[in-house]
Every structure is written in C-alpha cells, then in structure tokens.
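Working notes for the structure below.
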Amino acid sequence: MKQRYKIGFTTQHSESIRPGVNKNFLKFITFFDNFYVNKDVSLHNYGFLSENSMIIMGAPEDFLDEIELSNLRKYVEAGGSLFVLTKKYGDYKLGTNISGIFPFIRTRNDIVIDDRFRSPERKRPTIWINEPNFLKFKGEVIYDGGCTFEVETTPDMLIYPHFQYFSNNVSHLEERRHPILVYKRIGKGSVLYWGARWTFSDEMFNEKDNSRFLRRIIELLIGNGPYERNVSERMSRIQRHRLLHGFPMPEASEKLKSSLARALNEIDFDSKKPLALGVIPHPICVPMRRGCGYCPFPHEDGGISLMEQSINGIIHEIEFLIEYYSNILERKISSIYFGGGTANITHPQMFRTLVESIRDNLNVEKHTEITLEGAPLFFTTNRKLLEILRDVFPDSDLRISMGVQTFDREILYMAGRQFMNAPSSVEKAVSIARKLDFRVSADFLFNLPRRKTFGSIKKDLNLAMKLEIEHICWYNLVVEKGMGTEWSKDMDVLNSLPTQEEALNNWLTLYASLSDGGYEPITVTDFRLKNSDSGYYRYEEDLRNPDKVDWLGLGSYAITLISDRSFSKAIKLMNPDGLEQYLGRQRNYGPAWNRKFRYSLDDLKLFWITRKIKGTKISVKEYHSLFGTEIFEDYHQEIHSLLSKGLIESNNKYIKLTPEGFFYADTIAGHMAWMRVNELKARSSEGKVIKIRNDSRNHWMG
C-alpha cells in the first residue's frame with residue numbers, strides 16, 4: 001500500500017529544482033526535510049513512481065517521451081498527486097512538452113510579468129489570493145515572472161488569474177483564460193501547475209506569504225496523510241512535557257550580535273501589562289550522583305565563589321535594565337519564581353542581597369506571588385531562605401516548590417537523592433513551610449525504572465495526600481539512550497522501564513486516581529485539591545497567558561519574552577546556557593542576551609496555542625478575538641489528525657485535551673507547530689546544503 005507521506009522529485013529532465021543540485025532552491029528543498037523523500041524518481045519505472053504520494057517536477061527543460069507521459073497520467077488517475085513548476089517562455093521556447101501530460105492544460109510562451117509591468121513602488125509583482133476554496137488561504141505571494149496557461153475550464157478546477165497589484169497592468173489577460181495556478185482532480189488523484197517557479201527560490205522564499213502558500217499547496221495535493229503519519233510518529237517517542245519554551249524551541253533562535261543588544265526597542269509594549277519574573281540564582285546542583293541520575297536539565301558543579309559570581313551577575317543584569325529599560329521595570333510584577341539548579345542551596349546572605357535588589361528595583365506589589373524551588377532537605381537545613389523571603393516580602397503570597405520525585409528509597413538511592421529527598425525531609429519541609437505561612441507544591445515522577453506497574457505510583461500518591469499537599473505535579477520520566485544522563489547510560493535501567501503502552505496506562509490510572517482523591521487538573525502536569533485556592537498558583541497561570549503577561553528572565557539560561565500592545569509580534573531573548581558564558585557575555589557587551597527569536601503573527605498564534613495546550617484547553621472565541629481568524633481554518637489539518645487519534649475533543653467553544661492527550665501533550669504541541677517549523681527551518685537554511693533526512697523528527701518543537 002502506498003505510503004501517504006512519501007514525496008519524489010524527478011531529476012532526469014534538466015529540472016532546475018532538485019535535491020542536491022541547484023543552489024537557488026535550497027529553501028524549497030529543505031521545506032521537505034521532514035517528509036520521506038525520493039530524490040531521484042524515474043518516470044520510466046511506474047512501480048517506483050507509484051510508491052510516492054506526490055511527484056514534484058521542478059521546471060524541467062527536456063522532452064518527456066511517451067512512456068513517461070503515459071506513466072504520469074496513470075499515476076495521477078490511480079491516486080497520486082503531481083506538482084509541476086514551470087518558468088518563463090513555456091513549452092514553445094523551452095522545447096518541452098509538459099502540455100502533453102494533460103491536454104486540457106496548455107502552457108504558453110508569453111511572460112506573465114516582466115520588467116514592463118513592474119510597479120515602480122515595489123520591486124516585485126504581487127498576487128493576492130483570497131479565494132475561500134483554496135484551503136482558506138489569504139495572503140500575498142510575490143514572484144518574478146513565469147509562463148501562463150490556456151485552460152479548458154471545468155467545474156472541478158481551481159484557477160487563479162487575479163493579478164491585482166496597484167494597477168491594471170495585466171488587464172490584457174482574459175479572465176479565466178490565462179491563470180498562473182491550475183489545480184484539478186483527475187481520477188483518484190490531482191495535478192497542480194504553478195507557472196512561476198522563482199516564487200520558491202531562495203531569493204523569494206521569505207517574501208510575504210510565499211512559504212505559507214507552499215504549505216497550502218502541499219496540503220491541497222496530499223491532504224491529511226502526512227499529518228496523520230506525523231502524529232503517529234510523535235506518539236511513538238518518549239513524551240518529555242518540555243513545554244516551557246512553548247513555540248519554538250531554542251534551536252530556532254538566531255545569534256544576537258552586540259550591535260543589537262537593545263533588541264527590546266523594536267517592541268511597542270504595553271506598560272500596563274504585568275511581568276512574570278523567572279530568576280535562576282545559580283545553576284549549581286549537589287546530588288550524590290551527577291544530575292540526580294535522571295535529570296535532563298542543565299546544571300553545573302560549583303561552590304560559594306561561583307554562586308556569588310552568579311548573583312552579582314544578576315544584579316548587574318538588573319542595573320542594565322534600569323539604565324536602558326526602566327519603563328519595563330516599572331511594570332507590575334505578577335509572580336516571581338526562583339528556580340534553576342537547586343535554588344534553595346543559595347548562601348543566605350547572598351540570597352538576601354539578591355531579593356533585596358529585586359524588591360528595591362522592581363515593582364513587587366503587596367500580593368505578588370513568590371516561589372522558591374529546591375530539594376526537600378535544604379528547606380530544613382537552609383530554612384533561613386524562607387525566613388528571608390518572609391522578611392523582605394512580608395505581604396506577598398509565598399510558596400515552596402519541592403522536587404520530591406518519589407518516596408521509594410531504592411529509586412532515591414539510584415538517583416543519588418537518598419538524603420536530599422528522604423521522606424522525613426519532605427515531612428519536615430512541609431511542616432516548616434506551613435509554620436512560615438508558605439504554600440506547598442511538590443513534583444513527582446511516574447514510570448520509574450523497575451516500577452512498571454501502578455503500585456509504586458499509588459504509594460507516592462497516597463503519601464502525598466496524607467501530607468495534604470495541595471498542589472502536586474506529575475511528570476513522565478524522560479530517559480532514553482543517548483540523552484546524556486546517568487540513567488540513560490545504564491542498560492539495566494533502560495531495559496527496566498515501562499513500554500510506551502504501559503506508561504500511558506499508568507498515566508490514565510493515575511489521572512483517574514487523582515480525580516477520585518479530590519484533585520483536579522490545572523495544567524497537563526499540575527493538579528490541585530478541588531475548591532482549594534491554596535493549590536492554584538499564579539506563576540503557572542501567568543505562563544499560560546502570554547497575551548496578558550510578559551516574561552522577564554534573570555540569570556544564566558533565563559528567557560525573556562515581550563510582546564507588543566496588539567499581540568501581533570513579539571521577541572524572545574535568551575541568556576547564555578552556562579554560567580561562564582553568561583558572565584563573559586556581560587563583561588564583553590553589557591546585556592547578557594545572546595540569542596533571539598522574532599515572532600510574526602503566525603508564530604505568535606502557535607506560541608499562544610502551545611501555552612494553552614499546557615493549560616489543557618484552547619478557547620475558540622479567545623483565539624478569534626486575539627488574531628481575527630478561526631483556529632479551525634488556520635489549523636484544520638492539524639486539528640483533524642489530532643481528533644482522529646483521540647488526543648483532543650472539540651466543540652464550537654473549546655478544543656480540549658483528553659486524558660490521553662495530557663500524556664501526549666508534546667505530540668500535540670509539536671504537531672500543531674510542525675509545518676510552520678518546516679517553513680522556519682527552510683528560511684534559516686540560507687547558504688547551507690541541508691541533507692534530506694528520511695524521517696519526520698523535528699528538534700525545533702516537541
């Protein structure tokens with residue numbers, strides 16, 4: 001049976017668009033990086049031809065013989081899709097016979113647009129395509145010239161002759177007689193001709209909506225097959241729940257040059273919009289085993305001196321913001337989260353210096369929520385930090401966030417946390433926090449090694465409920481060969497992990513047990529006691545509402561994201577990964593930011609969607625209010641394929657994650673962003689030869 005996601009390129013007719021040959025179309029080729037690609041399809045071999053869902057003929061300049069023409073007709077009629085790109089002059093002057101494939105489409109040798117018809121106000125002509133039947137595509141496509149077609153029109157044919165740019169320079173073209181785009185269903189398959197191949201050249205790919213237009217063409221030709229395959233492939237991978245960045249992952253960012261240090265100046269932000277503040281006092285951890293055995297998050301070794309350098313660096317970062325962005329620091333701070341390595345091992349005096357600097361220079365109001373993250377043991381041995389927070393912020397809503405992970409002593413020993421996470425330390429930490437009027441949140445892991453059944457998870461849940469922990473976070477353990485953690489190098493550990501099916505079943509049982517135990521979900525990982533305000537936290541709420549709250553990050557590894565007043569564009573700024581790099585960046589340039597990502601409206605849609613996926617549901621009305629379009633039109637293929645897998649359910653008000661969708665939240669977020677990431681990767685590939693991979697993995701999202 002034909003694989004619905006395989007795409008083939010013809011290469012034997014002097015095509016100007018073919019993998020690994022013409023450097024003018026690297027972006028176009030890279031766009032297909034996440035499909036299965038046949039890089040050299042012979043039209044003489046029908047068996048090989050029929051394996052592909054789509055055949056791309058990239059502007060051939062040689063004659064097709066009768067066998068090739070016959071095979072192409074047979075291929076399309078049997079259910080294949082053919083995408084033919086052509087160029088100036090058409091068959092007559094190029095000496096080709098593309099018109100011979102289907103006689104009702106005849107290429108002409110005139111030029112649709114040339115220098116005589118260019119608008120003096122714009123370098124390149126534009127075609128507006130606003131036709132609702134073209135997959136709801138509404139946008140501007142810019143191109144340089146091309147051939148036209150004479151078409152014998154039929155009711156099932158889509159053609160677009162609308163060259164509407166500033167004037168009627170091309171009014172000599174008869175309506176519905178000389179289209180630049182022709183699409184027609186033939187038998188069980190379809191064919192699409194585009195008469196201006198240069199639209200998708202490297203020079204043009206980033207212009208206006210050219211790359212988005214290409215995506216719609218692919219969807220029109222091969223439908224939902226690749227989307228369904230992409231969901232299945234993502235579901236087969238380990239689910240990381242790495243949704244902190246939302247869209248896109250850091251790999252999509254570009255380096256920030258020193259001359260662009262004041263990058264926030266390009267955003268007309270709303271001074272009334274509050275900030276969520278994320279602070280990484282230092283990236284230092286002190287487990288018995290490096291990285292706690294399982295931990296995939298960045299961490300570094302170090303002592304008091306390194307800790308002091310880190311905190312001094314954050315204070316310098318605040319001073320820089322005061323000098324250049326004092327208007328940002330005047331904004332209300334909605335919530336503060338001290339996290340990172342093990343934040344609660346910070347030296348008390350250094351911690352006081354840090355929090356007093358934040359209090360004195362940022363707009364921390366009476367009920368700003370403040371959280372300190374760390375290991376249970378240090379909330380007892382280093383309880384001074386809690387006293388400092390209560391002293392410096394006497395009226396704030398304070399909480400601790402503990403990385404408990406499990407009460408299983410064998411697993412704690414394997415992880416090197418037998419002392420930091422001892423059950424007695426957890427109990428003492430909860431008691432101390434409540435005496436100082438701190439709320440309590442605890443993180444747990446499920447699907448641990450040698451614990452394939454639900455029994456061990458149930459023991460952890462019962463103990464957590466016995467301690468009356470009002471806010472519990474449950475994370476799927478992320479361990480796989482090659483990821484670099486200690487457990488990922490241990491084959492005994494890897495072989496003792498639950499299968500994906502067992503892991504999912506454990507999650508579904510846990511979800512039901514939490515509900516029976518009086519907990520309700522507030523994110524895909526966070527649960528609170530029902531009807532308990534003490535189990536509902538503002539920092540998580542802030543991160544799920546990027547249209548209402550911006551982010552400000554301080555310290556190495558930190559993230560800042562500021563959007564404009566209309567939430568139509570934004571910029572993400574990232575600090576260096578590594579304390580040495582962070583401090584060096586400050587010494588050399590002043591600000592710490594070393595990477596950025598500029599969000600267009602399309603990117604902001606996905607960023608907002610991925611944050612809402614973290615919060616388990618998407619409001620259809622809110623999406624329309626923010627962006628002016630309908631989510632079911634913008635992402636109809638993505639939503640349809642997720643519905644078919646049972647990961648979401650929808651009505652005219654919400655798109656909601658199912659309990660199974662909670663487990664596969666990475667898959668949902670990555671899949672929604674999949675095709676946009678293809679566009680971004682293609683755009684960023686300028687000057688690089690990208691090797692086509694025969695898989696659909698995507699390291700920019702999910």
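FYI, nothing fancy with the structure tokens labels: chains A, B, ... in order, residues from 1 per chain, ligands from 1 as they appear.
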
Practice task
From segment 278-355 of chain A, collect each residue whose DSSP state is alpha helix (DSSP H) and return the set as a ChimeraX atom specification.
Solution key: /A:304-324,326-329,348-355

I need the residues from that last selection saved to file as a short mmCIF file (atom, residue, chain, number, x, y, z; two decimals), in the first residue's frame (with N, CA and C atoms), if you can.
```
data_model
loop_
_atom_site.label_atom_id
_atom_site.label_comp_id
_atom_site.auth_asym_id
_atom_site.auth_seq_id
_atom_site.Cartn_x
_atom_site.Cartn_y
_atom_site.Cartn_z
N ILE A 304 30.77 28.32 46.78
CA ILE A 304 30.33 29.64 47.20
C ILE A 304 30.81 30.73 46.24
N SER A 305 32.05 30.62 45.79
CA SER A 305 32.60 31.66 44.91
C SER A 305 31.81 31.76 43.61
N LEU A 306 31.50 30.61 43.00
CA LEU A 306 30.75 30.61 41.75
C LEU A 306 29.33 31.11 41.98
N MET A 307 28.77 30.75 43.11
CA MET A 307 27.42 31.21 43.46
C MET A 307 27.39 32.73 43.58
N GLU A 308 28.42 33.29 44.22
CA GLU A 308 28.49 34.75 44.40
C GLU A 308 28.63 35.45 43.06
N GLN A 309 29.45 34.89 42.16
CA GLN A 309 29.61 35.48 40.83
C GLN A 309 28.28 35.50 40.08
N SER A 310 27.52 34.42 40.22
CA SER A 310 26.24 34.33 39.53
C SER A 310 25.27 35.40 40.03
N ILE A 311 25.17 35.54 41.33
CA ILE A 311 24.23 36.51 41.89
C ILE A 311 24.67 37.94 41.58
N ASN A 312 25.97 38.20 41.61
CA ASN A 312 26.46 39.52 41.21
C ASN A 312 26.12 39.80 39.75
N GLY A 313 26.18 38.74 38.92
CA GLY A 313 25.82 38.90 37.51
C GLY A 313 24.36 39.28 37.35
N ILE A 314 23.48 38.69 38.15
CA ILE A 314 22.06 39.04 38.07
C ILE A 314 21.83 40.49 38.50
N ILE A 315 22.53 40.91 39.54
CA ILE A 315 22.39 42.31 39.98
C ILE A 315 22.88 43.27 38.90
N HIS A 316 23.96 42.91 38.20
CA HIS A 316 24.41 43.72 37.06
C HIS A 316 23.37 43.73 35.95
N GLU A 317 22.72 42.59 35.75
CA GLU A 317 21.67 42.50 34.74
C GLU A 317 20.52 43.44 35.08
N ILE A 318 20.15 43.52 36.34
CA ILE A 318 19.11 44.44 36.78
C ILE A 318 19.54 45.89 36.56
N GLU A 319 20.81 46.18 36.84
CA GLU A 319 21.33 47.54 36.62
C GLU A 319 21.28 47.93 35.15
N PHE A 320 21.56 46.97 34.27
CA PHE A 320 21.47 47.24 32.83
C PHE A 320 20.03 47.57 32.45
N LEU A 321 19.08 46.81 32.97
CA LEU A 321 17.68 47.07 32.68
C LEU A 321 17.25 48.44 33.20
N ILE A 322 17.76 48.82 34.35
CA ILE A 322 17.44 50.15 34.90
C ILE A 322 17.93 51.24 33.96
N GLU A 323 19.13 51.05 33.42
CA GLU A 323 19.74 52.08 32.56
C GLU A 323 19.02 52.20 31.22
N TYR A 324 18.66 51.07 30.62
CA TYR A 324 18.13 51.11 29.26
C TYR A 324 16.62 50.84 29.16
N SER A 326 14.13 51.16 31.93
CA SER A 326 13.49 51.47 33.21
C SER A 326 11.97 51.37 33.12
N ASN A 327 11.42 51.63 31.92
CA ASN A 327 9.96 51.55 31.75
C ASN A 327 9.46 50.11 31.88
N ILE A 328 10.32 49.14 31.57
CA ILE A 328 9.92 47.74 31.77
C ILE A 328 9.88 47.42 33.26
N LEU A 329 10.88 47.89 33.98
CA LEU A 329 10.95 47.59 35.40
C LEU A 329 9.86 48.29 36.20
N PRO A 348 22.60 32.16 52.41
CA PRO A 348 21.58 33.10 52.88
C PRO A 348 21.89 34.57 52.65
N GLN A 349 23.11 35.00 52.94
CA GLN A 349 23.41 36.41 52.77
C GLN A 349 23.38 36.81 51.30
N MET A 350 23.86 35.94 50.44
CA MET A 350 23.80 36.22 49.00
C MET A 350 22.35 36.27 48.54
N PHE A 351 21.54 35.36 49.06
CA PHE A 351 20.13 35.34 48.68
C PHE A 351 19.44 36.62 49.13
N ARG A 352 19.75 37.09 50.34
CA ARG A 352 19.16 38.34 50.81
C ARG A 352 19.57 39.51 49.91
N THR A 353 20.82 39.55 49.52
CA THR A 353 21.28 40.62 48.62
C THR A 353 20.49 40.60 47.32
N LEU A 354 20.24 39.39 46.78
CA LEU A 354 19.50 39.25 45.53
C LEU A 354 18.05 39.70 45.68
N VAL A 355 17.36 39.20 46.69
CA VAL A 355 15.93 39.51 46.81
C VAL A 355 15.71 40.98 47.19
#
```

Exercise for the section: Show which residues sit within 12 Å of Ile559 of chain A, as number ranges by chain. Count only C-alpha atoms, and ignore same-chain residues fewer than 5 positions away. Expected result: A: 244-246, 249-250, 253, 276-280, 340, 543, 550-554, 571-577, 592-597

C-alpha atoms of the current selection, written as a JSON list (two decimals), in the first residue's frame:
```
[["chain", "number", "residue", "atom", "x", "y", "z"],
["A", 244, "LEU", "CA", 8.46, 25.76, 28.97],
["A", 245, "HIS", "CA", 9.55, 27.50, 25.78],
["A", 246, "GLY", "CA", 6.24, 26.95, 24.07],
["A", 249, "MET", "CA", 12.34, 25.52, 20.89],
["A", 250, "PRO", "CA", 15.71, 27.33, 21.36],
["A", 253, "SER", "CA", 16.73, 31.24, 17.62],
["A", 276, "ALA", "CA", 6.20, 37.11, 35.34],
["A", 277, "LEU", "CA", 9.78, 37.09, 36.67],
["A", 278, "GLY", "CA", 11.91, 33.95, 36.44],
["A", 279, "VAL", "CA", 15.17, 34.10, 38.40],
["A", 280, "ILE", "CA", 17.96, 31.50, 38.30],
["A", 340, "GLY", "CA", 17.35, 26.71, 38.23],
["A", 543, "LEU", "CA", 2.95, 31.46, 31.76],
["A", 550, "ASP", "CA", 5.09, 39.04, 29.59],
["A", 551, "TRP", "CA", 8.15, 37.16, 30.89],
["A", 552, "LEU", "CA", 11.37, 38.60, 32.27],
["A", 553, "GLY", "CA", 14.24, 36.19, 32.95],
["A", 554, "LEU", "CA", 17.33, 36.86, 35.06],
["A", 571, "ILE", "CA", 10.62, 38.95, 20.70],
["A", 572, "LYS", "CA", 12.14, 36.18, 22.77],
["A", 573, "LEU", "CA", 15.58, 36.89, 24.25],
["A", 574, "MET", "CA", 17.67, 34.13, 25.78],
["A", 575, "ASN", "CA", 20.59, 34.31, 28.15],
["A", 576, "PRO", "CA", 23.62, 32.05, 27.55],
["A", 577, "ASP", "CA", 23.48, 28.38, 28.51],
["A", 592, "ALA", "CA", 23.51, 39.01, 28.82],
["A", 593, "TRP", "CA", 21.16, 38.15, 25.92],
["A", 594, "ASN", "CA", 22.93, 36.18, 23.21],
["A", 595, "ARG", "CA", 20.01, 34.73, 21.18],
["A", 596, "LYS", "CA", 16.70, 35.99, 19.92],
["A", 597, "PHE", "CA", 13.62, 34.91, 18.07]]
```

Problem - Spatial neighbours of Arg359 of chain A, max dist 9 Å, only C-alpha atoms, sep filter under 5 positions, as an MDAnalysis selection string - result: chainID A and resid 354 364 392:393

Preceding selection exported with N, CA and C atoms as a PDB file, in the first residue's frame:
```pdb
ATOM      1  N   LEU A 354      20.241  39.387  46.785  1.00  0.00           N
ATOM      2  CA  LEU A 354      19.502  39.246  45.527  1.00  0.00           C
ATOM      3  C   LEU A 354      18.055  39.695  45.676  1.00  0.00           C
ATOM      4  N   VAL A 364       7.448  45.097  42.806  1.00  0.00           N
ATOM      5  CA  VAL A 364       6.874  43.961  43.511  1.00  0.00           C
ATOM      6  C   VAL A 364       5.794  44.490  44.446  1.00  0.00           C
ATOM      7  N   VAL A 392      11.607  40.042  53.737  1.00  0.00           N
ATOM      8  CA  VAL A 392      11.725  41.050  52.667  1.00  0.00           C
ATOM      9  C   VAL A 392      10.376  41.301  52.006  1.00  0.00           C
ATOM     10  N   PHE A 393       9.549  40.272  51.902  1.00  0.00           N
ATOM     11  CA  PHE A 393       8.233  40.409  51.263  1.00  0.00           C
ATOM     12  C   PHE A 393       7.148  39.975  52.251  1.00  0.00           C
TER      13      PHE A 393
END
```

Problem - Long-range neighbours of Thr610 of chain A as a VMD selection string, 10 Å cut-off, only C-alpha atoms, 5 positions minimum in chain - result: chain A and resid 243 to 248 544 604 to 605 615 to 618 665 to 666 668 to 670 672 to 673

Practice task
Have a look at A:Ile127, A:Tyr143, A:Leu606, A:Val191 and name the one nearest to Ile101 of chain A; count only C-alpha atoms.
Solution key: A:Val191
